[in-house]
Amino acid sequence: MLTDVTTARHHDAASVSRPPERHAHETCPESAPLFERLVSLEDGPERDSVRDELVALWLPMAHRLAGRFRDRGEALEDLRQVAALGLLKAVDGFDPSRGAFESYAIPTITGEIKRHFRDRLWALRVPRRVQELRNKVRIARRELSERPGTPEATPAEIAAHTGLTEEEVAAGLEALESFSTLSLDVELTVGDDGYSLGDTLGAPDPALDVVVDREAARKALRRLPERERRVLYLRFFEDMTQSRIAEKLGLSQMHVSRLITRSCQQVRTETLGP
């Protein structure tokens, strides 16, 4: 019985004295000697091997940083790949004489992930200022809704919290939904006619080009002699044939043809330039 008590006490003491087991990814791995070796090596297989070993040691930390950005519209696996790219940049750019690696790697990896969100996930490119407004509004909404039961913040409350104007808050709220676009082929739910969103959009009106051309040629037409203006009017506005114009004005058809050609060339040259 005494033996059992002693054994139990010994077991309890060992449990108290031994620190709780921690996974390797929960601590900063000891990598200083590897970094010292890395900077001393020239490009080649040996340096690549040391670099790969460092990346493997710190990859769990990169994955933890990627996990902070989950639920923002991007798959976690894709975020981990971006974080791994940031880790590679950190390993390549780290100077062991400047301090601990994690102090350099964390902002490098985080910056790479944020850059990924900024540059890659917008289906429609928006100005940088609008992206910044979006981030401020998103953070403010989260901070104002942290307490349970708190209603969703109004634009006025967000503006007061961030120091932005309500117009800027409105732009930020719109940008919150701007990571993806709506296809023009999506069917509308109104009615049973099977219309798509693209069917509701207007198309360029060819008549607008005619208006521009007419206004551009107006001055040149006014400078033509009265007879030439009349010939052009009968031909292009009354849609009369050259033979009918010749008969109406008492001219030959050949003369009418030359008048039309010469007048059109004059108007074209004055309107478009030489």
# chains A, B, ... in the order shown; residues from 1 in each chain; ligands from 1
$ residues_around --residues "A:Leu184" --least-positions-apart "4" --cutoff "10 Å" --atoms "only C-alpha atoms" --output "list of chain:residue names"
A:Ser196, A:Leu197, A:Gly198, A:Asp199, A:Thr200, A:Leu201
$ atom_distance --atom1 "atom CA of A:Ala90" --atom2 "atom CA of A:Gln131"
25.8 Å
$ residues_around --residues "A:Leu164" --least-positions-apart "6" --cutoff "12 Å" --atoms "only C-alpha atoms" --output "list in words"
Glu132, Leu133, Arg134, Lys136, Val137, Ala140, Pro155, Ala156, Glu157, Ile158, Ala170, Ala171 and Gly172 of chain A
$ write_last_selection --atoms "N, CA and C atoms" --output "compact mmCIF listing (two decimals), in the first residue's frame"
# COMPACT_ATOMS: atom_id res chain seq x y z
N GLU A 132 -9.92 51.30 -49.28
CA GLU A 132 -9.60 51.70 -47.91
C GLU A 132 -10.87 52.07 -47.14
N LEU A 133 -11.82 52.72 -47.81
CA LEU A 133 -13.09 53.03 -47.17
C LEU A 133 -13.80 51.75 -46.77
N ARG A 134 -13.76 50.76 -47.65
CA ARG A 134 -14.39 49.48 -47.36
C ARG A 134 -13.82 48.87 -46.09
N LYS A 136 -12.27 50.37 -43.56
CA LYS A 136 -12.64 51.15 -42.39
C LYS A 136 -14.08 50.87 -41.98
N VAL A 137 -14.97 50.79 -42.95
CA VAL A 137 -16.37 50.53 -42.66
C VAL A 137 -16.56 49.12 -42.10
N ALA A 140 -15.32 49.08 -38.52
CA ALA A 140 -16.23 49.84 -37.65
C ALA A 140 -17.50 49.05 -37.38
N PRO A 155 -25.44 53.94 -40.93
CA PRO A 155 -24.38 54.72 -41.57
C PRO A 155 -23.96 55.92 -40.75
N ALA A 156 -24.91 56.58 -40.06
CA ALA A 156 -24.55 57.73 -39.24
C ALA A 156 -23.66 57.32 -38.07
N GLU A 157 -23.96 56.19 -37.46
CA GLU A 157 -23.14 55.70 -36.34
C GLU A 157 -21.75 55.31 -36.82
N ILE A 158 -21.68 54.68 -37.99
CA ILE A 158 -20.37 54.31 -38.54
C ILE A 158 -19.56 55.56 -38.86
N ALA A 170 -21.27 55.36 -47.22
CA ALA A 170 -22.11 54.72 -48.24
C ALA A 170 -21.26 54.06 -49.31
N ALA A 171 -20.18 54.74 -49.73
CA ALA A 171 -19.27 54.15 -50.73
C ALA A 171 -18.60 52.90 -50.17
N GLY A 172 -18.21 52.94 -48.89
CA GLY A 172 -17.59 51.77 -48.28
C GLY A 172 -18.54 50.61 -48.16
$ atom_distance --atom1 "atom CA of A:Glu46" --atom2 "atom CA of A:Ser97"
21.6 Å
$ select_by_dssp --residues "stretch 87-256 of chain A" --states "helix (DSSP H, G or I)" --output "MDAnalysis selection string"
chainID A and resid 87:93 96:98 101:120 128:144 155:162 166:175 197:200 206:222 226:236 242:249 253:256
$ residues_around --residues "stretch 240-244 of chain A" --least-positions-apart "6" --cutoff "8 Å" --atoms "only C-alpha atoms" --output "ChimeraX atom specification"
/A:234,252-253,256-257
$ closest_atom_pairs --of "stretch 104-179 of chain A" --to "stretch 71-84 of chain A" --cutoff "7 Å" --atoms "only C-alpha atoms" --output "JSON lines"
{"residue": "A:Ile109", "atom": "CA", "partner": "A:Ala83", "partner_atom": "CA", "distance": 5.5}
{"residue": "A:Glu112", "atom": "CA", "partner": "A:Ala83", "partner_atom": "CA", "distance": 6.8}
{"residue": "A:Ile113", "atom": "CA", "partner": "A:Val82", "partner_atom": "CA", "distance": 6.0}
$ write_last_selection --atoms "N, CA and C atoms" --output "mmCIF file, in the first residue's frame"
data_model
loop_
_atom_site.group_PDB
_atom_site.id
_atom_site.type_symbol
_atom_site.label_atom_id
_atom_site.label_comp_id
_atom_site.auth_asym_id
_atom_site.auth_seq_id
_atom_site.Cartn_x
_atom_site.Cartn_y
_atom_site.Cartn_z
ATOM 1 N N ILE A 109 4.388 38.325 -44.177
ATOM 2 C CA ILE A 109 3.342 37.376 -44.587
ATOM 3 C C ILE A 109 1.973 38.049 -44.563
ATOM 4 N N GLU A 112 1.533 40.265 -47.502
ATOM 5 C CA GLU A 112 1.291 39.512 -48.734
ATOM 6 C C GLU A 112 -0.169 39.081 -48.834
ATOM 7 N N ILE A 113 -0.760 38.671 -47.709
ATOM 8 C CA ILE A 113 -2.168 38.264 -47.720
ATOM 9 C C ILE A 113 -3.065 39.461 -48.000
#
$ residues_around --residues "stretch 208-217 of chain A" --least-positions-apart "5" --cutoff "9 Å" --atoms "only C-alpha atoms" --output "list in words"
Arg222, Val267, Arg268, Glu270, Thr271 and Leu272 of chain A
$ residues_around --residues "A:Leu144" --least-positions-apart "2" --cutoff "10 Å" --atoms "only C-alpha atoms" --output "mmCIF file with N, CA and C atoms, in the first residue's frame"
data_model
loop_
_atom_site.group_PDB
_atom_site.id
_atom_site.type_symbol
_atom_site.label_atom_id
_atom_site.label_comp_id
_atom_site.auth_asym_id
_atom_site.auth_seq_id
_atom_site.Cartn_x
_atom_site.Cartn_y
_atom_site.Cartn_z
ATOM 1 N N ILE A 139 -14.391 47.264 -40.426
ATOM 2 C CA ILE A 139 -13.870 47.199 -39.058
ATOM 3 C C ILE A 139 -14.805 47.924 -38.095
ATOM 4 N N ALA A 140 -15.322 49.083 -38.520
ATOM 5 C CA ALA A 140 -16.226 49.840 -37.654
ATOM 6 C C ALA A 140 -17.505 49.053 -37.376
ATOM 7 N N ARG A 141 -18.056 48.409 -38.380
ATOM 8 C CA ARG A 141 -19.273 47.612 -38.171
ATOM 9 C C ARG A 141 -19.016 46.491 -37.188
ATOM 10 N N ARG A 142 -17.856 45.872 -37.296
ATOM 11 C CA ARG A 142 -17.526 44.781 -36.369
ATOM 12 C C ARG A 142 -17.365 45.307 -34.951
ATOM 13 N N GLU A 146 -19.946 44.310 -31.474
ATOM 14 C CA GLU A 146 -19.286 43.281 -30.675
ATOM 15 C C GLU A 146 -20.156 42.828 -29.501
ATOM 16 N N ARG A 147 -20.895 43.742 -28.892
ATOM 17 C CA ARG A 147 -21.721 43.365 -27.751
ATOM 18 C C ARG A 147 -22.949 42.583 -28.206
ATOM 19 N N THR A 150 -26.555 43.845 -29.821
ATOM 20 C CA THR A 150 -26.418 45.176 -30.388
ATOM 21 C C THR A 150 -26.965 45.187 -31.816
ATOM 22 N N PRO A 151 -27.862 46.110 -32.138
ATOM 23 C CA PRO A 151 -28.382 46.153 -33.513
ATOM 24 C C PRO A 151 -27.297 46.587 -34.486
ATOM 25 N N GLU A 152 -27.541 46.302 -35.759
ATOM 26 C CA GLU A 152 -26.567 46.677 -36.780
ATOM 27 C C GLU A 152 -26.408 48.192 -36.831
ATOM 28 N N ALA A 153 -25.151 48.612 -36.912
ATOM 29 C CA ALA A 153 -24.854 50.038 -36.883
ATOM 30 C C ALA A 153 -25.412 50.731 -38.116
ATOM 31 N N THR A 154 -25.917 51.936 -37.922
ATOM 32 C CA THR A 154 -26.422 52.742 -39.032
ATOM 33 C C THR A 154 -25.263 53.474 -39.695
ATOM 34 N N GLU A 157 -23.961 56.186 -37.457
ATOM 35 C CA GLU A 157 -23.138 55.700 -36.339
ATOM 36 C C GLU A 157 -21.747 55.307 -36.820
ATOM 37 N N ILE A 158 -21.681 54.677 -37.993
ATOM 38 C CA ILE A 158 -20.369 54.311 -38.540
ATOM 39 C C ILE A 158 -19.564 55.557 -38.865
ATOM 40 N N HIS A 161 -18.211 56.969 -35.716
ATOM 41 C CA HIS A 161 -17.170 56.109 -35.143
ATOM 42 C C HIS A 161 -15.850 56.232 -35.891
#
$ residues_around --residues "A:Arg262" --least-positions-apart "4" --cutoff "12 Å" --atoms "only C-alpha atoms" --output "MDAnalysis selection string"
chainID A and resid 224:225 228:229 231:232 255:258 266:269
$ atom_distance --atom1 "atom CA of A:Ile260" --atom2 "atom CA of A:Asp205"
28.5 Å
